[in-house]
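Shown next, in structure tokens, is the structure this report addresses.
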Amino acid sequence: MLSLFDEEAPTAPRIAEHLRRIVADSTDRVAWLRARSRGVTATDVAKLATARSVQAAAFDKLNGTGFTGNAYTDHGKAREPEIARWVLAEYGIRASSSLFHAASNTAHLATPDGIALRNGGRLELAEIKTTNKAWRSIPRSYLRQVWWQQYVLGAERTLVVWEQHKDFVPVDAQPQCRWVDRDENEIAMLVGLADQLLAIVTASRSRAREAG
């Protein structure tokens with residue numbers, strides 16, 4: 001489990017506040033998946049852009065996608081610890097496996113790949129991706145994940161780090177990265193869509209219990 005005690009952290013109360021909002025840890029996959037199923041995660045929010053996408057995300061939430069992984073996801077899992085070590089060395093952002101809930105809503109959840117608490121209590125995150133494509137910009141779905149994580153954690157910015165590969169061999173000696181600042185307008189829109197998703201899922205599960 002992540003330790004949020006950073007050498008740059010100024011005060012214990014700020015650290016304790018985040019520790020109180022840890023719901024589960026992905027090292028305990030069963031508990032982590034169970035906790036994620038009870039709320040809206042950054043993975044869910046990545047899909048949310050329109051009313052139709054909310055309905056589709058609700059269907060996936062209720063029925064599952066059937067996706068259990070492939071060679072690309074396996075490669076990403078294998079490479080993430082290596083990339084995380086680079087992020088720590090270059091930017092001082094420590095790897096995280098903790099699932100957090102938002103201060104304002106315990107059903108709003110996120111598991112950032114890295115967290116750093118800077119001087120003055122400024123929180124920064126990292127999000128790590130592997131891709132077989134050359135990115136000209138960060139894909140919009142990943143930006144939605146980033147903004148959602150910033151909202152849940154109360155972070156000011158996120159270092160998005162990506163490693164391109166060809167036939168599962170990294171193309172460059174080092175990953176590429178870019179800072180993404182917090183965007184309150186985007187966050188407000190995502191919170192609204194996430195609450196619509198939650199309402200649909202909650203109503204459907206209530207009907208199922210009553211019918212069952």
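How things are named: the first chain in the structure tokens is A, the next is B, and so on; residues count from 1 in each chain; ligands count from 1 in the order shown.
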For Leu62 in chain A, work out the shell of residues within 9 Å, counting only C-alpha atoms and skipping chain neighbours fewer than 4 positions away, then give it as a PyMOL selection string.
chain A and resi 37+57-58+201+204-205
Each residue of range 27-89 of chain A lying at most 12 Å from range 132-135 of chain A should get a row with its shortest atom-to-atom pair and the distance in Å to one decimal, counting only C-alpha atoms; could you produce that, ordered by chain and increasing number, as a tab-separated table?
```
residue	atom	partner	partner_atom	distance
A:Ala71	CA	A:Asn132	CA	11.7
A:Tyr72	CA	A:Asn132	CA	8.7
A:Thr73	CA	A:Asn132	CA	11.4
A:His75	CA	A:Asn132	CA	10.6
A:Gly76	CA	A:Asn132	CA	10.6
```
A:Val146, A:Ala49, A:Val40, A:Ile138 ranked by distance to Ile200 in chain A, top pick (using only C-alpha atoms):
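Of A:Val146, A:Ala49, A:Val40, A:Ile138, the one nearest Ile200 in chain A, counting only C-alpha atoms, is A:Val40.
The residue that comes closest to Arg20 in chain A, out of A:Ser97, A:Pro81, A:Ala103, A:Leu33 and on the basis of only C-alpha atoms, is A:Ala103.
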Among the residues A:Leu153, A:Ile115, A:Ile22, A:Ala51, the one that comes closest to Asp195 in chain A [using only C-alpha atoms]
A:Ala51
Within 12 Å of Thr50 in chain A, counting only C-alpha atoms, which residues qualify if same-chain residues fewer than 6 places away don't, as a VMD selection string?
chain A and resid 56 to 57 189 to 190 192 to 194 196 to 197
Within range 9-192 of chain A, find each residue whose DSSP state, derived from the backbone, is helix (DSSP H, G or I), and express the selection as a PyMOL selection string.
chain A and resi 12-19+29-37+42-45+51-63+71-91+119-121+140-153+184-192
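All residues of protein, DNA or RNA that reach within 6 Å of range 154-169 of chain A, judged by only C-alpha atoms and not counting those fewer than 4 positions away in the chain, are A:Leu123, A:Glu124, A:Leu125, A:Ala126, A:Glu127, A:Ile128, A:Lys129, A:Thr130, A:Thr131, A:Asn132, A:Gln150, A:Pro175, A:Gln176, A:Cys177, A:Arg178, A:Trp179, A:Val180, A:Asp181, A:Arg182.
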With a distance cut-off of 12 Å and only C-alpha atoms, select the neighbouring residues of Arg36 in chain A, excluding the residue or stretch itself and same-chain residues fewer than 6 positions from it, and output the selection as a short mmCIF file (atom, residue, chain, number, x, y, z; two decimals) with N, CA and C atoms, in the first residue's frame.
```cif
data_model
loop_
_atom_site.label_atom_id
_atom_site.label_comp_id
_atom_site.auth_asym_id
_atom_site.auth_seq_id
_atom_site.Cartn_x
_atom_site.Cartn_y
_atom_site.Cartn_z
N VAL A 23 -9.83 3.58 0.29
CA VAL A 23 -10.92 2.61 0.36
C VAL A 23 -10.39 1.18 0.30
N ALA A 24 -9.44 0.95 -0.58
CA ALA A 24 -8.88 -0.38 -0.80
C ALA A 24 -7.54 -0.23 -1.49
N ASP A 25 -6.89 -1.35 -1.74
CA ASP A 25 -5.60 -1.32 -2.42
C ASP A 25 -5.60 -2.41 -3.48
N SER A 26 -5.06 -2.11 -4.65
CA SER A 26 -5.11 -3.07 -5.76
C SER A 26 -4.25 -4.30 -5.52
N ARG A 29 -6.68 -7.69 -4.81
CA ARG A 29 -7.49 -7.47 -6.01
C ARG A 29 -8.98 -7.70 -5.77
N VAL A 30 -9.33 -8.70 -4.97
CA VAL A 30 -10.74 -8.99 -4.72
C VAL A 30 -11.41 -7.81 -4.02
N ALA A 42 -12.21 6.20 -12.35
CA ALA A 42 -11.64 6.93 -13.48
C ALA A 42 -11.80 6.13 -14.77
N THR A 43 -11.73 4.81 -14.69
CA THR A 43 -11.94 3.97 -15.87
C THR A 43 -13.35 4.13 -16.40
N ASP A 44 -14.34 4.20 -15.50
CA ASP A 44 -15.72 4.44 -15.92
C ASP A 44 -15.85 5.82 -16.57
N LYS A 61 -21.32 -1.41 -16.41
CA LYS A 61 -21.18 -1.47 -14.95
C LYS A 61 -22.07 -2.58 -14.38
N SER A 98 -3.32 2.58 -4.25
CA SER A 98 -4.47 2.80 -3.37
C SER A 98 -5.67 3.36 -4.14
N LEU A 99 -6.84 2.89 -3.76
CA LEU A 99 -8.11 3.40 -4.27
C LEU A 99 -8.63 4.44 -3.27
N PHE A 100 -8.88 5.65 -3.75
CA PHE A 100 -9.36 6.75 -2.91
C PHE A 100 -10.80 7.09 -3.26
N HIS A 101 -11.53 7.64 -2.29
CA HIS A 101 -12.82 8.25 -2.60
C HIS A 101 -12.70 9.76 -2.44
N THR A 106 -18.37 9.51 -1.39
CA THR A 106 -17.62 8.26 -1.23
C THR A 106 -17.81 7.30 -2.39
N ALA A 107 -18.75 7.58 -3.29
CA ALA A 107 -18.93 6.74 -4.47
C ALA A 107 -18.10 7.21 -5.66
N HIS A 108 -17.41 8.31 -5.52
CA HIS A 108 -16.52 8.83 -6.56
C HIS A 108 -15.10 8.34 -6.23
N LEU A 109 -14.55 7.46 -7.09
CA LEU A 109 -13.35 6.70 -6.76
C LEU A 109 -12.26 6.87 -7.82
N ALA A 110 -11.00 6.72 -7.39
CA ALA A 110 -9.88 6.77 -8.33
C ALA A 110 -8.66 6.08 -7.74
N THR A 111 -7.89 5.44 -8.61
CA THR A 111 -6.62 4.82 -8.25
C THR A 111 -5.52 5.41 -9.13
#
```
